[in-house]
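Below: the structure, in structure tokens.
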Amino acid sequence: MTSEQALQALDRGFAGRLATVSADGYPYCVPLLYIWADNQVFLHGTSARGHLRSNIEREPRVCFELDEPGEVFDYGRFECDSGLAFQSVILFGQVRIVEDTATKQRFCERLMEKYGKPNSIRPKNFFPRLDAITVYVLTVERITGKAQIMPELSEQWPAIDRTKTPNAGP
């Protein structure tokens with residue numbers, strides 16, 4: 001993917017996975033809703049000191065991944081000759097805990113803009129439990145992305161046979 005395509009995927013993605021490393025060296029990966037804003041990833045979780053927060057306080061270097069699956073397609077005559085259209089983006093960087101209330105408030109507003117029901121009659125932009133959440137901000141140092149686009153029907157099997165083991169037989 002180009003850098004622009006990776007940024008577009010980040011902008012429209014639904015959820016991602018944040019990977020950290022614990023003190024004993026084990027990786028820890030957790031799915032989270034997120035906001036992409038100001039060239040940073042904003043995430044949140046409970047204010048309780050759990051596995052995620054402990055890992056981040058000990059080691060701020062993290063990896064964030066998101067993917068968007070597409071359709072399965074055939075490229076050859078055997079079932080194993082199948083592909084999947086997809087996009088995936090991986091970010092590497094450092095994450096920090098947001099302390100100021102104004103940033104937490106803005107994060108929650110953006111979160112509800114992205115995930116909330118637009119026709120809700122509930123009060124807008126009122127978050128009485130800001131102290132019950134931890135907001136994290138990931139400053140990106142490196143972005144990678146890859147994609148497999150869905151081939152046109154004229155490029156799929158049986159129009160074109162791209163079987164990986166052409167001399168095999170059932």
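Naming works like this for the structure tokens: A, B, ... for the chains as they're shown, residue 1 at the start of each chain, ligands 1 onward in shown order.
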
Within region 1-156 of chain A, find each residue whose DSSP state, derived from the backbone, is alpha helix (DSSP H), and express the selection as a PyMOL selection string. chain A and resi 3-12+51-58+101-115

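For the residues A:Thr2, A:Arg53, A:Ala37, A:Leu91, ranking by smallest atom-to-atom distance to Thr103 (chain A) using only C-alpha atoms places A:Ala37 first.
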
Would you kindly return, as a PyMOL selection string, each protein, DNA or RNA residue with an atom no farther than 10 Å from any atom of Val21 (chain A), considering only C-alpha atoms and excluding same-chain residues fewer than 5 positions away? chain A and resi 26-29+51-52+54-56+58-63

Dump as a PDB file, in the first residue's frame, selection limited to C-alpha atoms:
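Everything below was put into result.pdb:
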```pdb
ATOM      1  CA  TYR A  26       5.206 -12.430  26.755  1.00  0.00           C
ATOM      2  CA  PRO A  27       3.381 -10.442  24.093  1.00  0.00           C
ATOM      3  CA  TYR A  28      -0.064  -9.130  24.968  1.00  0.00           C
ATOM      4  CA  CYS A  29      -2.479  -8.147  22.217  1.00  0.00           C
ATOM      5  CA  HIS A  51      -2.244  -6.026  32.113  1.00  0.00           C
ATOM      6  CA  LEU A  52      -2.347  -3.388  29.353  1.00  0.00           C
ATOM      7  CA  SER A  54       1.167  -2.257  33.419  1.00  0.00           C
ATOM      8  CA  ASN A  55       2.845  -3.161  30.146  1.00  0.00           C
ATOM      9  CA  ILE A  56       2.625   0.384  28.788  1.00  0.00           C
ATOM     10  CA  ARG A  58       6.922  -0.465  31.837  1.00  0.00           C
ATOM     11  CA  GLU A  59       7.568  -0.336  28.081  1.00  0.00           C
ATOM     12  CA  PRO A  60       5.949   2.331  25.869  1.00  0.00           C
ATOM     13  CA  ARG A  61       7.032   0.790  22.548  1.00  0.00           C
ATOM     14  CA  VAL A  62       4.014  -0.854  20.957  1.00  0.00           C
ATOM     15  CA  CYS A  63       2.604  -2.185  17.736  1.00  0.00           C
TER      16      CYS A  63
END
```

The residue from A:Ala168, A:Cys108, A:Leu7, A:Leu138 with the smallest atom-to-atom distance to Cys80 (chain A), counting only C-alpha atoms, is A:Ala168

Please identify all polymer residues within 12 Å of Asp100 (chain A), counting only C-alpha atoms, omitting same-chain residues fewer than 5 positions from it, and present them as a list in words.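 Non-adjacent residues within range: Gln105, Arg106, Phe107, Leu130, Asp131, Ile133, Thr134, Val135, Tyr136 and Val137 of chain A.
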
Take the residues just selected and output them with N, CA, C and O atoms as a compact mmCIF listing (two decimals), in the first residue's frame.
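Contents of part_38.txt, freshly written:
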```
# COMPACT_ATOMS: atom_id res chain seq x y z
N GLN A 105 -11.78 14.40 27.07
CA GLN A 105 -13.11 14.85 26.63
C GLN A 105 -13.19 14.84 25.11
O GLN A 105 -14.14 14.30 24.53
N ARG A 106 -12.18 15.39 24.44
CA ARG A 106 -12.18 15.44 22.98
C ARG A 106 -12.13 14.03 22.40
O ARG A 106 -12.78 13.74 21.41
N PHE A 107 -11.36 13.15 23.02
CA PHE A 107 -11.32 11.76 22.57
C PHE A 107 -12.71 11.14 22.62
O PHE A 107 -13.16 10.51 21.66
N LEU A 130 -15.12 10.41 33.05
CA LEU A 130 -13.79 10.54 32.42
C LEU A 130 -12.68 10.02 33.32
O LEU A 130 -11.66 9.51 32.83
N ASP A 131 -12.88 10.11 34.63
CA ASP A 131 -11.85 9.62 35.54
C ASP A 131 -11.86 8.09 35.65
O ASP A 131 -10.94 7.51 36.22
N ILE A 133 -11.76 6.15 32.96
CA ILE A 133 -11.09 5.60 31.78
C ILE A 133 -9.66 6.09 31.71
O ILE A 133 -9.31 7.12 32.28
N THR A 134 -8.86 5.33 30.99
CA THR A 134 -7.51 5.75 30.65
C THR A 134 -7.48 5.93 29.14
O THR A 134 -7.89 5.03 28.40
N VAL A 135 -7.03 7.08 28.71
CA VAL A 135 -6.86 7.35 27.28
C VAL A 135 -5.37 7.25 26.97
O VAL A 135 -4.53 7.80 27.70
N TYR A 136 -5.08 6.53 25.92
CA TYR A 136 -3.71 6.35 25.47
C TYR A 136 -3.56 7.03 24.12
O TYR A 136 -4.48 7.02 23.30
N VAL A 137 -2.39 7.60 23.86
CA VAL A 137 -2.11 8.16 22.55
C VAL A 137 -0.82 7.53 22.03
O VAL A 137 0.19 7.48 22.72
```

So that I can check the surroundings of Tyr115 (chain A), please list as a PyMOL selection string every protein, DNA and RNA residue that reaches within 9 Å of it, counting only C-alpha atoms and ignoring chain neighbours fewer than 3 positions away. chain A and resi 14+33+110-112+118

I need the residues from that last selection saved to file as a PDB file, in the first residue's frame (with C-alpha atoms), if you can.
```pdb
ATOM      1  CA  PHE A  14     -13.317  -0.011  12.769  1.00  0.00           C
ATOM      2  CA  LEU A  33     -11.796   0.789  19.235  1.00  0.00           C
ATOM      3  CA  ARG A 110     -14.588  11.839  18.553  1.00  0.00           C
ATOM      4  CA  LEU A 111     -15.269   8.279  19.700  1.00  0.00           C
ATOM      5  CA  MET A 112     -19.009   8.938  19.779  1.00  0.00           C
ATOM      6  CA  PRO A 118     -26.279   9.702  15.082  1.00  0.00           C
TER       7      PRO A 118
END
```

Which one of A:Phe73, A:Val98, A:Phe127, A:Phe86 sits closest to Leu153 (chain A) if you count only C-alpha atoms? A:Phe73

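Using only C-alpha atoms, the smallest distance between any of A:Ile121, A:Leu84, A:Ala19, A:Val140 and Asp38 (chain A) comes from A:Val140.
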